[in-house]
Structures are given as C-alpha cells and as structure tokens.
Amino acid sequence: MAHKMKGRPDFLLLFSTILLVGFGLVMIFSASTAKAVFTHQSSWYYVMKQGSFAGIGLLLMLIFMGLPFSIWKKAGPGLMIFSLILLVSVLIVGTNINGAKRWFVVSGFNIQPSEFTKLSIIVYLSALISKKGEGIQSFKKGLLPLLIMVGLILALVMKQPDFGTVLILAFIAGTIIMIGGINLRHLLMLGLGLVPIFIYLAMSQSYRLKRIQTFLNPLDNQSDSGYQLMQSLYALGHGGLLGTGLGRSVQKLFYLPEAHTDFIFAVIGEELGLLGTTLFLLVFFLFFWRGFAAAIQSHDPFGMILGMGLVSMIGIQFLLNLGAVTGSIPVTGVPLPFISYGGSSLILCMASTGILLSISRDNNRRRKEQLVHSQ
C-alpha cells in the first residue's frame with residue numbers, strides 16, 4: 001500500500017514554500033537591479049537566472065513529492081559516494097573564485113557540490129542510523145563509522161575552504177545523530193572534542209579572525225571588515241516600522257555588498273520595515289512548523305529522522321543568515337534559504353521540501369487507511 005502514495009501532501013507546507021520562493025524572486029529583482037544594470041546592462045539579469053533555478057527546483061520538488069520517501073533509504077550510500085567524488089573533483093578542476101575552489105562553472109552557471117553534499121549526508125546518516133536502531137549507542141560499532149564518514153566530508157569541504165558549510169554540515173550531522181538516539185555520554189565527549197577544533201579553525205585564518213573581531217567591535221572597523229555589517233544595520237534601521245517601500249532601498253545602491261545574496265534580509269528590512277519583516281518571518285515559521293510536524297508524525301523511523309534532518313538543515317541556514325545580517329553572530333557567508341540569489345541553494349531547498357512533502361503524503365495516507373479500517 002505504501003508505494004501507491006495516495007495521501008495528499010501538507011497544503012500549508014507546499015503553500016509556504018511557493019510563497020517563499022515567489023517572494024524571493026521579487027526581492028532578488030529589487031535588490032539586484034542596480035548591480036544588474038551596471039554589470040550586465042539588464043535589470044532582469046539576476047532574477048531571470050534565479051527564475052530558471054526556481055523552475056528546476058519546482059520540477060524536482062514535484063517529482064520527489066510524488067515518489068515514496070522510502071526509496072532514499074537505499075540511495076544513501078550511492079549519494080554519499082557521488083558527493084565524495086564531486087568534493088574531490090572540485091578541488092582539482094573547480095573554478096577558483098576569490099581564493100576558494102567551491103564551484104564548477106558550466107555555461108555561465110555556478111554549481112556548488114557542497115550544497116548537494118548537505119542532502120547526501122542527511123539521507124546517508126538517516127538510513128544508517130534507522131538501520132542500526134539501538135546499535136547507535138555503541139561507540140565502536142554504531143557511532144564511530146558515522147564520525148569517520150562525516151569527518152572525511154568536513155575535511156574535504158574545509159579544504160575548499162568553506163567554513164560556513166562546515167559548520168552547517170556539522171550541525172546537521174549532530175542533529176541527526178542526537179535524534180537517532182546517541183548515548184548521552186558519547187554526545188558530551190563528542191561536543192567537548194569538537195569545540196577546540198572549531199575554535200582553531202575559526203582563528204587559523206586571518207580573515208576568519210577578522211570576522212570575529214568585527215563581530216565583537218563592529219564600530220571599530222566601519223570602513224574595513226565591519227563595513228558590510230554596518231551597512232546592513234543601517235538598512236534595517238532605515239526601514240523603521242513600515243519600510244521605505246518595495247524597490248526603494250537606498251543601501252542596495254552599491255552601499256551594501258552582496259545585497260541580493262547573503263545580505264538580502266537587510267534589503268527586506270529596509271523596504272518592508274518591521275511589519276513586513278515580521279510577516280515574512282511568520283511564513284518561514286509556518287514552513288518550519290509544518291515541516292517538523294510531517295517529520296514527527298512519520299510512523300517510519302527513517303522518515304522521522306530524514307524529515308527532521310531536512311528541516312534542521314534549512315533552519316540552521318536560516319538562523320546563521322539572520323544572525324550574521326543582524327550582527328548577532330560573526331558573518332559566515334550562508335545564504336538565506338529560498339530567498340538569496342544562488343541556484344545550488346535554491347534547488348537544494350526545494351528538492352528537500354519535495355521529500356518532506358512525500359513524508360507528509362505518507363502520513364496522510366496512513367491516517368486515511370486507519371479511518372477506513374475503523375469504520
């Protein structure tokens with residue numbers, strides 16, 4: 001019965017996703033117009049490219065929504081091997097942009113393998129942990145093999161280098177392992193062991209150390225490393241309660257770097273104000289609520305762990321982006337899910353939502369069956 005997938009998807013989850021993607025296209029057009037005209041002589045350049053990514057993402061979301069989520073359980077090892085191949089390949093033949101080898105450039109489009117790796121590691125760990133069951137509480141036979149694979153992935157991503165993605169992958173892996181039932185003593189040991197490693201990585205490069213110093217004292221570096229954060233805060237402050245109006249941001253006019261990518265939330269705050277930003281955040285919270293509900297209600301341990309991992313991935317990036325834009329945490333270069341310009345991130349988020357919708361369909365199908373049997 002499960003393979004027929006006759007249940008309906010969660011409407012609110014689907015609705016909030018479409019709403020976020022559509023709003024993202026509107027804000028990318030608003031935030032990128034000046035740069036697009038100056039750089040590419042067309043105000044539509046960035047939004048058209050993002051629109052093509054959204055089309056691919058929508059297609060994948062609908063396909064994955066229609067497939068039984070159980071197929072991902074068998075696909076885990078293959079996805080992980082493919083991710084390893086991509087991560088090694090990008091270090092060898094990837095395009096160097098601003099001192100980092102994170103992308104394959106194909107026909108003018110940047111493809112970032114580490115985005116695909118986020119989905120791979122979620123599927124792989126969810127499948128392995130659900131298969132091990134109580135065995136995950138054994139360090140040698142349960143936890144250690146997972147840590148070795150995760151460590152290898154993190155090392156390859158760090159080699160690019162991409163500290164922001166390393167943080168996200170580590171958070172994702174930690175979340176899935178906790179949900180899977182790790183021994184609390186092992187969790188404490190793992191946490192204590194990772195803290196000094198991440199402190200070292202954060203301070204081992206001068207630009208990362210400068211980001212931390214800027215976070216602690218942004219006013220001391222307004223014309224240098226703190227410039228981007230200060231312009232972001234100016235944008236949020238300028239928005240006030242009701243905002244300057246859609247398309248009327250001042251900071252996007254070459255004052256705020258990365259206005260259409262990592263710092264697009266600052267433009268949202270300036271143009272829509274506190275009221276508009278609050279409504280925007282409520283749509284995101286609706287997405288998280290329905291995503292977590294789909295995961296928690298799954299009767300399949302794999303579906304529950306997989307769903308929690310997917311929602312956590314999007315939630316972690318959401319918090320890291322908002323934290324950086326508002327000066328609550330150091331800048332990490334993490335895009336705002338569904339909203340920021342960037343094809344790899346948008347396609348990943350929409351494809352992941354398709355799997356969540358598949359889980360919700362299975363939940364509704366089971367409820368429908370139980371109702372029929374009870375009558």
# chains A, B, ... in the order shown; residues from 1 in each chain; ligands from 1
>>> closest_atom_pairs(of="stretch 21-74 of chain A", to="stretch 358-371 of chain A", cutoff="8 Å", atoms="only C-alpha atoms", output="tab-separated table")
residue	atom	partner	partner_atom	distance
A:Phe64	CA	A:Ser358	CA	6.8
A:Met65	CA	A:Ser358	CA	4.4
A:Gly66	CA	A:Ser358	CA	6.4
A:Leu67	CA	A:Ser358	CA	6.6
A:Pro68	CA	A:Ser358	CA	6.2
A:Phe69	CA	A:Ser358	CA	5.8
>>> residues_around(residues="A:Leu348", least_positions_apart="6", cutoff="9 Å", atoms="only C-alpha atoms", output="MDAnalysis selection string")
chainID A and resid 57 115:116 118:119
>>> write_last_selection(atoms="N, CA, C and O atoms", output="CSV table (one decimal), in the first residue's frame")
chain,number,residue,atom,x,y,z
A,57,GLY,N,14.0,23.7,-9.5
A,57,GLY,CA,13.7,23.3,-8.2
A,57,GLY,C,12.3,22.9,-8.0
A,57,GLY,O,12.0,21.9,-7.3
A,115,GLU,N,26.6,22.0,-1.6
A,115,GLU,CA,25.1,22.0,-1.4
A,115,GLU,C,24.5,20.7,-1.6
A,115,GLU,O,23.7,20.3,-0.8
A,116,PHE,N,24.9,20.0,-2.6
A,116,PHE,CA,24.4,18.6,-2.8
A,116,PHE,C,24.8,17.7,-1.7
A,116,PHE,O,24.1,16.8,-1.3
A,118,LYS,N,25.0,18.4,1.4
A,118,LYS,CA,24.1,18.5,2.6
A,118,LYS,C,23.0,17.5,2.5
A,118,LYS,O,22.6,16.8,3.5
A,119,LEU,N,22.4,17.3,1.3
A,119,LEU,CA,21.3,16.3,1.2
A,119,LEU,C,21.8,14.9,1.3
A,119,LEU,O,21.2,14.1,1.9
>>> residues_around(residues="stretch 283-287 of chain A", least_positions_apart="5", cutoff="7 Å", atoms="only C-alpha atoms", output="VMD selection string")
chain A and resid 13 16 to 17
>>> write_last_selection(atoms="C-alpha atoms", output="PDB file, in the first residue's frame")
ATOM      1  CA  LEU A  13       3.968  23.256   3.770  1.00  0.00           C
ATOM      2  CA  SER A  16       4.578  28.386   2.391  1.00  0.00           C
ATOM      3  CA  THR A  17       7.326  27.032   0.117  1.00  0.00           C
TER       4      THR A  17
END
>>> residues_around(residues="stretch 314-323 of chain A", least_positions_apart="4", cutoff="10 Å", atoms="only C-alpha atoms", output="PyMOL selection string")
chain A and resi 164-165+167-169+171-172+262-266+284-285+287-288+309-310+327-338+340+345+348-349+352-353
>>> closest_residue(among="A:Gln41, A:Pro196, A:Ile85, A:Leu125", to="A:Ile148", atoms="only C-alpha atoms")
A:Leu125
